[in-house]
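Before any comments, here is the structure.
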Amino acid sequence: MQNLLHNLNPEQLAAVTLPAQPALILAGAGSGKTRVLTTRIAWLIQTGQVSPAGILAVTFTNKAAKEMMTRLSAMMPINTRGMWIGTFHGLCNRLLRAHYRDAALPQAFQILDTQDQLSMIKRLLKANNIDDEKYPPRNLMYFINNAKENGLRAQDVEAFDDFNRRMVELYALYDEQCQREGVVDFAELLLRTYELLSRNQPLREHYQSRFRHILVDEFQDTNNLQYNWLKLMAGTQAAVFAVGDDDQSIYAFRGANVGNMSAFEREFKVENLIKLEQNYRSHGHILDTANMLIANNTKRLGKNLHTDAGHGELIRIYEATSDLQEAQWIIEEAKSLIAEGSTRNEIAILYRSNAQSRVIEHALFSAGIPYRVYGGQRFFERAEIKHAIAYLQLMDNPHNDSAFLRVVNFPTRGIGARSLEQLQDAARQYGISLYAAVPYVTGKAGTSLGAFVKLVESARFETAQLPLPEMVQIVLDASGLIAHYQNEKEGADRIENLEQLVSAASLFVSEEGFGHDAPAQLGPRSEQTAGPAIVTQDGVEILDADAPLVTVMSPLSAFLSHASLEAGDNQAQAGQDAMQLMTVHSAKGLEFDAVFITGLEEGLFPHENSQKEDGGVEEERRLMYVAITRARRRLYLSFSQTRMLHGQTRYNTKSRFFDEMPEESLKWLSPKVQQHHWFANPKAAWDEVPESGANRIAQSMGKKNIGWRIGESVAHAKFGEGVIVNIEGSGSNARAHINFGRHGMKLLDLSIAKLDKV
DNA sequence: TATGTGGACTTTTTT
DNA sequence: AGTCCACATA
């Protein structure tokens, strides 16, 4: 116990040892948030206030859940696998598996990932002859997900015009189709659980009285449905311990509602509000910069980070002439960092949008510096893996039409569009799945479809008694996937990935406690585990907290859930000491000795789209706050006068965020006025050279010799600094398009406007 | 049915 | 500029 609370600062200690009441912990970046969460759980258990079974801990990512379990096992001898620690979706999956009948789901229901959901919607539109120009599948998907995240079924959505009425109809059709196929999308996992518990009183009361303590990580990221889900789980008895940071709320665009923090404070009558403001990560100048920047936001719960670590180094700021040159500068700085003893792993290059990584990657590649880009395709999202998974899905639940269509003719087995059309007609006519409709198709199409069904059936039959990894291996061979990729020119990597799927199955089986000899397909092993695994109370089947997934689902079903809910690593070549490239969003939660934040230009960061959204710029500022607070010791900020974007050169002004930082913490590496753009930017130079054809055209159009040039920086009394983006007309008629950053693009008459050179 | 071509798109992302 | 997707063609 002494040990457990040892080394906590007063605020952390206070948070960890709060009484069993609603609590809101405002945990600043680097303030030891995860430590507080895990220590709180350990303290509750060790002091005998609650048994491990009475704890529900919710996170957003699998990574965070795993981290929590690892730290918890390090703190006390406890089997965390049986505990209810997981993501919202993972926990919902667990609940729905245990109570599938009450939730009106088939036992082997499967989970659609975003790809699957979109392809399902496309199919739906096609089947109903809907013009996908008028109803873009992606929009319909957003519509449906948004409705679900607000707890609304199709019948609850109010439609005020024909267009929306149609959308609602399609939403209803979509849900019916999912139900027929026995599949649920991500939002459905949440909503279905919410509905299950709100309708089923004994079940609700069981869980409400069982979970005495509910702990929530990253509370600022909860959406409306998740917040209501928590309220329902908590009932009136549970102590909800919510940890979050409103200043790090950067996911509003996907439904996160920071307002949930103040709603929680109000609705739960929170009396225990603790701020963790002591930062253990960054040096003083970095924190001062972050603090001053975020102070420009209006709607804040209020928080200021401080450190004992001293001021440290100044923030280094660099103005580049082009994106290319910015990249080259980064590499020079990184090289000298490495020369001074930094490891590449400890250097991160952050950018607002993925498109910015290319130039940097090119530069790193030519410099021969190893790097790793986050955010690529993830293991379970690769096409070949999705194919293999689809075969497994069909063996587990043949009515999954998405899975059926994905592989019915892959590898090709002579089942073309015509055959499938016949099949889909039959399926629609009888209201059954494609798989079930196969017997209704006659002729040659029927024969080849029948052969496919036989393939799936015999794979299922032959592997019924085998452990999961062996089953996967057999499916890879029997499906013809391996053979297909062997014949393909660049199939080697794909075969390697498929073999990795077998390893993933092995790893899964041992990690989840299924045991390597457990048959993959046999039903739930509740009979074998016996004991208290499932108890009946008021006629309701109740899951015991220590019962892992093994008791409620087969290894195969569990593995398929895992594949959907945990798409796997998206890092390329892990392991190697490499520089880290990622968007600011994906950097959240990470920290590095040295951080480069690049592309700090108006329009890019803050992003131009954010100006139109209300609260958009504040979210961008929080994003910048997250970026700054990733750095431990050294922080570089850079921006560029010109940048190639979407095949066009853009002239941006520097980000407004520079004006919101403390001058005394900054060190400008480049002189305010650089050499002229056409000097450093080869492309611009080419355009401006008098001999070039392009320039002769420009001259004849009056683009030159009027005292101003495209790309030149100017200052205007009202609009501040800007960049000349284009010039039209000549002589006294000359007018210039000038990008004034936050003031937007202006068209000014050059003979009238008072402009100064910068 | 594999392959090519034109057109539209382009902020951020986890489950 | 680069990617993805739908549709057309050999």
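Following the order of the structure tokens, chains are lettered A, B, ..., residues in each are numbered from 1, and ligands are numbered from 1.
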Members of stretch 327-432 of chain A assigned alpha helix (DSSP H) by DSSP, as JSON, numbers by chain = {"A": [327, 328, 329, 330, 331, 332, 333, 334, 335, 336, 337, 338, 339, 357, 358, 359, 360, 361, 362, 363, 364, 365, 366, 367, 383, 384, 385, 386, 387, 388, 389, 390, 391, 392, 393, 394, 395, 396, 401, 402, 403, 404, 405, 406, 407, 417, 418, 419, 420, 421, 422, 423, 424, 425, 426, 427, 428, 429, 430]}
Secondary structure check, strand (DSSP E or B) residues of stretch 244-450 of chain A, as a PyMOL selection string = chain A and resi 244+272-276+278+306+315-322+347-351+371-373
If you keep N, CA and C atoms, can you produce a file of those selected residues as a PDB file, in the first residue's frame?
ATOM      1  N   GLY A 244     -10.040  13.258 -17.988  1.00  0.00           N
ATOM      2  CA  GLY A 244      -9.965  13.821 -19.329  1.00  0.00           C
ATOM      3  C   GLY A 244      -9.309  15.184 -19.337  1.00  0.00           C
ATOM      4  N   ASN A 272     -16.145  16.341  -6.508  1.00  0.00           N
ATOM      5  CA  ASN A 272     -14.710  16.077  -6.509  1.00  0.00           C
ATOM      6  C   ASN A 272     -14.121  16.400  -7.878  1.00  0.00           C
ATOM      7  N   LEU A 273     -13.618  17.610  -7.996  1.00  0.00           N
ATOM      8  CA  LEU A 273     -12.961  17.977  -9.246  1.00  0.00           C
ATOM      9  C   LEU A 273     -11.504  18.250  -8.927  1.00  0.00           C
ATOM     10  N   ILE A 274     -10.645  17.473  -9.551  1.00  0.00           N
ATOM     11  CA  ILE A 274      -9.224  17.627  -9.265  1.00  0.00           C
ATOM     12  C   ILE A 274      -8.477  17.926 -10.545  1.00  0.00           C
ATOM     13  N   LYS A 275      -7.606  18.924 -10.474  1.00  0.00           N
ATOM     14  CA  LYS A 275      -6.800  19.257 -11.643  1.00  0.00           C
ATOM     15  C   LYS A 275      -5.385  18.736 -11.462  1.00  0.00           C
ATOM     16  N   LEU A 276      -4.933  18.000 -12.428  1.00  0.00           N
ATOM     17  CA  LEU A 276      -3.540  17.557 -12.425  1.00  0.00           C
ATOM     18  C   LEU A 276      -2.781  18.486 -13.364  1.00  0.00           C
ATOM     19  N   GLN A 278       0.612  19.455 -12.706  1.00  0.00           N
ATOM     20  CA  GLN A 278       2.061  19.262 -12.639  1.00  0.00           C
ATOM     21  C   GLN A 278       2.476  18.388 -13.808  1.00  0.00           C
ATOM     22  N   HIS A 306       2.476  23.305 -15.153  1.00  0.00           N
ATOM     23  CA  HIS A 306       3.761  23.797 -14.645  1.00  0.00           C
ATOM     24  C   HIS A 306       4.709  22.627 -14.433  1.00  0.00           C
ATOM     25  N   ILE A 315      12.212  27.596 -27.930  1.00  0.00           N
ATOM     26  CA  ILE A 315      11.558  26.984 -29.085  1.00  0.00           C
ATOM     27  C   ILE A 315      12.224  27.543 -30.337  1.00  0.00           C
ATOM     28  N   ARG A 316      12.621  26.677 -31.242  1.00  0.00           N
ATOM     29  CA  ARG A 316      13.314  27.143 -32.448  1.00  0.00           C
ATOM     30  C   ARG A 316      12.337  27.263 -33.612  1.00  0.00           C
ATOM     31  N   ILE A 317      12.348  28.411 -34.232  1.00  0.00           N
ATOM     32  CA  ILE A 317      11.393  28.657 -35.314  1.00  0.00           C
ATOM     33  C   ILE A 317      12.133  28.929 -36.619  1.00  0.00           C
ATOM     34  N   TYR A 318      11.664  28.312 -37.650  1.00  0.00           N
ATOM     35  CA  TYR A 318      12.333  28.461 -38.939  1.00  0.00           C
ATOM     36  C   TYR A 318      11.342  28.778 -40.052  1.00  0.00           C
ATOM     37  N   GLU A 319      11.684  29.782 -40.836  1.00  0.00           N
ATOM     38  CA  GLU A 319      10.869  30.144 -41.997  1.00  0.00           C
ATOM     39  C   GLU A 319      11.566  29.643 -43.249  1.00  0.00           C
ATOM     40  N   ALA A 320      10.930  28.732 -43.944  1.00  0.00           N
ATOM     41  CA  ALA A 320      11.534  28.174 -45.157  1.00  0.00           C
ATOM     42  C   ALA A 320      10.970  28.886 -46.372  1.00  0.00           C
ATOM     43  N   THR A 321      11.693  28.812 -47.478  1.00  0.00           N
ATOM     44  CA  THR A 321      11.199  29.441 -48.694  1.00  0.00           C
ATOM     45  C   THR A 321      10.261  28.502 -49.451  1.00  0.00           C
ATOM     46  N   SER A 322      10.456  27.205 -49.282  1.00  0.00           N
ATOM     47  CA  SER A 322       9.572  26.245 -49.962  1.00  0.00           C
ATOM     48  C   SER A 322       9.427  25.010 -49.095  1.00  0.00           C
ATOM     49  N   ILE A 347      12.962  11.355 -32.133  1.00  0.00           N
ATOM     50  CA  ILE A 347      12.716  12.554 -32.921  1.00  0.00           C
ATOM     51  C   ILE A 347      11.433  12.350 -33.722  1.00  0.00           C
ATOM     52  N   ALA A 348      10.498  13.267 -33.553  1.00  0.00           N
ATOM     53  CA  ALA A 348       9.236  13.136 -34.275  1.00  0.00           C
ATOM     54  C   ALA A 348       9.033  14.318 -35.200  1.00  0.00           C
ATOM     55  N   ILE A 349       8.505  14.048 -36.369  1.00  0.00           N
ATOM     56  CA  ILE A 349       8.124  15.106 -37.299  1.00  0.00           C
ATOM     57  C   ILE A 349       6.602  15.060 -37.426  1.00  0.00           C
ATOM     58  N   LEU A 350       5.971  16.138 -37.019  1.00  0.00           N
ATOM     59  CA  LEU A 350       4.512  16.175 -37.034  1.00  0.00           C
ATOM     60  C   LEU A 350       4.000  17.109 -38.122  1.00  0.00           C
ATOM     61  N   TYR A 351       2.848  16.770 -38.675  1.00  0.00           N
ATOM     62  CA  TYR A 351       2.217  17.620 -39.673  1.00  0.00           C
ATOM     63  C   TYR A 351       0.718  17.542 -39.500  1.00  0.00           C
ATOM     64  N   TYR A 371      13.216   6.091 -41.395  1.00  0.00           N
ATOM     65  CA  TYR A 371      12.067   6.761 -40.809  1.00  0.00           C
ATOM     66  C   TYR A 371      10.877   5.814 -40.824  1.00  0.00           C
ATOM     67  N   ARG A 372       9.886   6.138 -40.029  1.00  0.00           N
ATOM     68  CA  ARG A 372       8.689   5.332 -39.965  1.00  0.00           C
ATOM     69  C   ARG A 372       7.491   6.258 -40.036  1.00  0.00           C
ATOM     70  N   VAL A 373       6.596   5.949 -40.943  1.00  0.00           N
ATOM     71  CA  VAL A 373       5.388   6.768 -41.076  1.00  0.00           C
ATOM     72  C   VAL A 373       4.225   6.059 -40.412  1.00  0.00           C
TER      73      VAL A 373
END
Tell me, in Å to one decimal, how far atom CA of A:Gln486 is from atom CA of A:Ser448.
->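 Atom CA of A:Ser448 lies 23.3 Å from atom CA of A:Gln486.
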Which residues of chain C are close to chain A, meaning at most 12 Å apart when you count only C-alpha atoms (C1' of nucleotides), and how do they look as JSON, numbers by chain?
-> {"C": [1, 2, 3, 6]}
Filtering to C-alpha atoms (C1' of nucleotides), could you give me those residues as a tab-separated table (two decimals), in the first residue's frame?
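As written to disk, again37.tsv reads:
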chain	number	residue	atom	x	y	z
C	1	DA	C1'	0.47	15.75	-57.81
C	2	DG	C1'	-1.35	11.49	-56.55
C	3	DT	C1'	-4.96	8.31	-55.39
C	6	DA	C1'	-16.39	3.46	-61.91
Could you give me, as a tab-separated table, every chain B residue with an atom at most 10 Å from chain A, plus its closest atom pair and distance in Å to one decimal, counting only C-alpha atoms (C1' of nucleotides), rows ordered by chain then number?
residue	atom	partner	partner_atom	distance
B:DT1	C1'	A:Gly416	CA	8.8
B:DT10	C1'	A:His646	CA	7.1
B:DT11	C1'	A:Ser353	CA	5.9
B:DT12	C1'	A:His585	CA	6.3
B:DT13	C1'	A:Arg254	CA	7.8
B:DT14	C1'	A:Thr61	CA	6.6
B:DT15	C1'	A:Leu565	CA	5.8
Residues near stretch 294-303 of chain A, cut-off 10 Å, only C-alpha atoms (C1' of nucleotides), skip fewer than 4 positions along chain, as JSON, numbers by chain = {"A": [26, 27, 28, 245, 246, 247, 248, 258, 259, 261, 262, 275, 276, 277, 289, 290, 615, 617, 618, 619, 621, 622, 623, 624, 625, 626, 657, 660, 661]}
